[in-house]
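Trainee: Handing you this structure, nothing more for now.
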Amino acid sequence: MALINEHYLKLQRSYLFADIAKKVNIFKVSHPKERLISLGIGDVTLPLCPAVIDAMHKAVDDMAVKEHFHGYGPEQGYLWLREAIVKNDFLTRGIHIDPSEVFVNDGAKGDTGNIGELVRWDNSMAVTDPIYPVYIDSNVMNGRAGTVNEHGEWSNVTYMPCNEQNAFVPRIPDHRVDMIYLCYPNNPTGTVITKSELRKWVNYAIRNDAVIFYDAAYEAYIQDDDIPHSIYEIKGARKVAIEFHSYSKTAGFTGIRCGYTIVPKELTASTLDGSRRLALNPLWNRHQCTKFNGVSYVSQRAAEAIYTAEGKQQVREQIAYYMGNARLMQQALTQLGFRVYGGVNAPYLWVKTPDGSTSWRFFEEMLYGAHVVCTPGVGFGPSGEGYVRLTSFGDRDDCLEAMERIAHWLKK
């Protein structure tokens, strides 16, 4: 008799964004003539930049000619893309990464969800709260998270609240943990971490023989020069950190699927009896070779194109467009009396709900009152209660209209 993995039964009934979609569909059925504006799910709206499109067309033409056809590629990614990543994303910041430490993937979500397979299921873990749901849910699935209480907190997870009281700076645990998930610029709060704060985490990981899973998917949106783009800007981080990158929001690849993960060769973990330390780089390589056949040739050529002079300029223009949306939204919401965080070095705005309203209640009130969709903050963890997340990835006119709708709704 086949037995189900009962850890799956511990998960919430459905994924956060599936719940949102269900409520939005109910609204559409009951209000068929109303046009919704979604500032909820963080999907991009601008088309792929011309340099990427040109590269994809050429790659498709390659696939039509026997001499240039590409079937299975390297599970780690083509060397020409990995070398472009090293040269443009790291060497320019004084960071030395070897191409063999780069693993091209089909977007950061898969790797952040699977990376926990590298370490024992009974390792303890710490997460900033609120947090991207995949970090927790993937550990629930393999039994690492433990059991959940009535507040939505898991027994084997150390929560590090990020809220107004601590200026959204997580407090380092006062005890030892094995795994730490950090995401900066942060999803969902849109806040960032300074080099001095990030150095504290690296030092903690070194002292406690812990590993940091560092999600840098939104680093391209950083505007301030003193905010780190990579954890490897911190001395010693190569010994304790794995870093994730994505082209989804950097270059609008949500429909193309491409990103990469860095696993330094210095990073090691111990066997249970402590007799051996093993490098995680070859283990992750083995994982990818077993469970992954690589990213398509066309997608990788598209990614390579963002590192050309034309591609860099065009990507910067797209990022500037979305950050322009963030600025106008932040200004409008602040003028309306909301307390707004993020939106300066990230495409997300974290908005405090007024009058002590719960996240889901405010979501529904704005949905039916202004016909604008947001994301309830509590869906990202217990400390997200009392906030909602807005994204700046929408069309400029829609963002402006959404702010006008919210203003009109509040005046009723």
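Letters for chains follow the order of the structure tokens (A, B, ...), residue numbers begin at 1 for each chain, and ligand numbers begin at 1 in the order shown.
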Leaving out His96 in chain A and any residue of its chain fewer than 2 positions from it, which residues lie within 10 Å of it when counting only C-alpha atoms, given as a list of chain:residue names?
Mentor: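 Neighbouring residues, sequence-local ones excluded: A:Val86, A:Lys87, A:Phe90, A:Leu91, A:Thr92, A:Arg93, A:Gly94, A:Asp98, A:Pro99, A:Tyr232, A:Glu233, A:Arg238.
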Trainee: Let's have the selection written as a PDB file, in the first residue's frame, with N, CA and C atoms.
Mentor:
```
ATOM      1  N   VAL A  86      29.578  35.743 -13.920  1.00  0.00           N
ATOM      2  CA  VAL A  86      30.740  36.024 -13.076  1.00  0.00           C
ATOM      3  C   VAL A  86      31.308  37.401 -13.384  1.00  0.00           C
ATOM      4  N   LYS A  87      31.478  37.702 -14.660  1.00  0.00           N
ATOM      5  CA  LYS A  87      32.093  38.959 -15.070  1.00  0.00           C
ATOM      6  C   LYS A  87      31.232  40.175 -14.723  1.00  0.00           C
ATOM      7  N   PHE A  90      29.485  39.962 -10.501  1.00  0.00           N
ATOM      8  CA  PHE A  90      30.354  39.793  -9.344  1.00  0.00           C
ATOM      9  C   PHE A  90      31.706  40.493  -9.471  1.00  0.00           C
ATOM     10  N   LEU A  91      32.425  40.271 -10.568  1.00  0.00           N
ATOM     11  CA  LEU A  91      33.739  40.902 -10.702  1.00  0.00           C
ATOM     12  C   LEU A  91      33.650  42.418 -10.655  1.00  0.00           C
ATOM     13  N   THR A  92      32.571  42.975 -11.190  1.00  0.00           N
ATOM     14  CA  THR A  92      32.403  44.428 -11.163  1.00  0.00           C
ATOM     15  C   THR A  92      32.256  44.962  -9.744  1.00  0.00           C
ATOM     16  N   ARG A  93      31.939  44.076  -8.797  1.00  0.00           N
ATOM     17  CA  ARG A  93      31.817  44.476  -7.387  1.00  0.00           C
ATOM     18  C   ARG A  93      32.989  43.953  -6.557  1.00  0.00           C
ATOM     19  N   GLY A  94      34.025  43.488  -7.231  1.00  0.00           N
ATOM     20  CA  GLY A  94      35.193  43.007  -6.534  1.00  0.00           C
ATOM     21  C   GLY A  94      35.013  41.640  -5.903  1.00  0.00           C
ATOM     22  N   ASP A  98      33.970  31.553  -9.195  1.00  0.00           N
ATOM     23  CA  ASP A  98      34.385  30.680 -10.281  1.00  0.00           C
ATOM     24  C   ASP A  98      33.140  30.207 -11.030  1.00  0.00           C
ATOM     25  N   PRO A  99      33.194  30.084 -12.358  1.00  0.00           N
ATOM     26  CA  PRO A  99      32.017  29.615 -13.100  1.00  0.00           C
ATOM     27  C   PRO A  99      31.471  28.282 -12.594  1.00  0.00           C
ATOM     28  N   TYR A 232      28.240  38.102  -0.693  1.00  0.00           N
ATOM     29  CA  TYR A 232      29.672  37.860  -0.852  1.00  0.00           C
ATOM     30  C   TYR A 232      30.486  39.142  -0.825  1.00  0.00           C
ATOM     31  N   GLU A 233      29.826  40.284  -0.686  1.00  0.00           N
ATOM     32  CA  GLU A 233      30.533  41.526  -0.413  1.00  0.00           C
ATOM     33  C   GLU A 233      31.078  41.544   1.009  1.00  0.00           C
ATOM     34  N   ARG A 238      31.690  33.460   1.845  1.00  0.00           N
ATOM     35  CA  ARG A 238      31.843  32.286   0.979  1.00  0.00           C
ATOM     36  C   ARG A 238      31.886  30.986   1.789  1.00  0.00           C
TER      37      ARG A 238
END
```
Trainee: Write down as an MDAnalysis selection string the residues of range 324-396 of chain A whose backbone DSSP state falls under alpha helix (DSSP H).
Mentor: chainID A and resid 324:335 359:370 396
Trainee: May I ask which of the residues A:Thr191, A:Ser230, A:Thr250, A:Ser275 is the closest one to Glu164 in chain A, counting only C-alpha atoms?
Mentor: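 Under the stated criterion, the closest residue is A:Thr191.
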Trainee: Write out as a PyMOL selection string which residues come within 10 Å of Tyr341 in chain A when counting only C-alpha atoms, dropping same-chain ones fewer than 5 positions away.
Mentor: chain A and resi 163-164+167-168+189-191+330+334+348-352+389
Trainee: Which polymer residues have any atom within 6 Å of an atom of range 207-219 of chain A, counting only C-alpha atoms, with same-chain residues fewer than 2 positions away left out, as a VMD selection string?
Mentor: chain A and resid 178 to 185 204 to 205 221 to 222 229 240 to 246
Trainee: Ranking A:Gly369, A:Gly394, A:Pro354, A:Pro74 by minimum distance to Ala326 in chain A and counting only C-alpha atoms, which one comes first?
Mentor: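 Ranked by minimum distance to Ala326 in chain A, first place goes to A:Gly394.
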Trainee: Let me make sure I understand: among A:Ile53, A:Val104, A:Ile95, A:Ala18, which one has the smallest atom-to-atom distance to Phe292 in chain A if we use only C-alpha atoms?
Mentor: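 The closest residue to Phe292 in chain A is A:Val104.
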Trainee: Excluding Leu272 in chain A and any residue of its chain fewer than 5 positions from it, enumerate the residues within 12 Å of it, using only C-alpha atoms, and give them as a count of residues only.
Mentor: 7
Trainee: Measuring between only C-alpha atoms, which one of A:Val177, A:Val388, A:Ile306, A:Ala402 shows the shortest distance to Pro130 in chain A?
Mentor: A:Val388
Trainee: Nearest to Lys235 in chain A: which of A:Ser196, A:Gln331, A:Asn166, A:Asn325 is it, counting only C-alpha atoms?
Mentor: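 That would be A:Ser196, the residue with the smallest distance to Lys235 in chain A.
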Trainee: Go ahead and compute the interatomic distance for CA of Ala303 in chain A and CA of Ser248 in chain A, in Å to one decimal.
Mentor: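 Pair CA of Ala303 in chain A / CA of Ser248 in chain A returns 10.2 Å.
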Trainee: How many Å lie between CA of Lys312 in chain A and CA of Gly252 in chain A, rounded to one decimal?
Mentor: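 Between CA of Lys312 in chain A and CA of Gly252 in chain A the gap is 12.9 Å.
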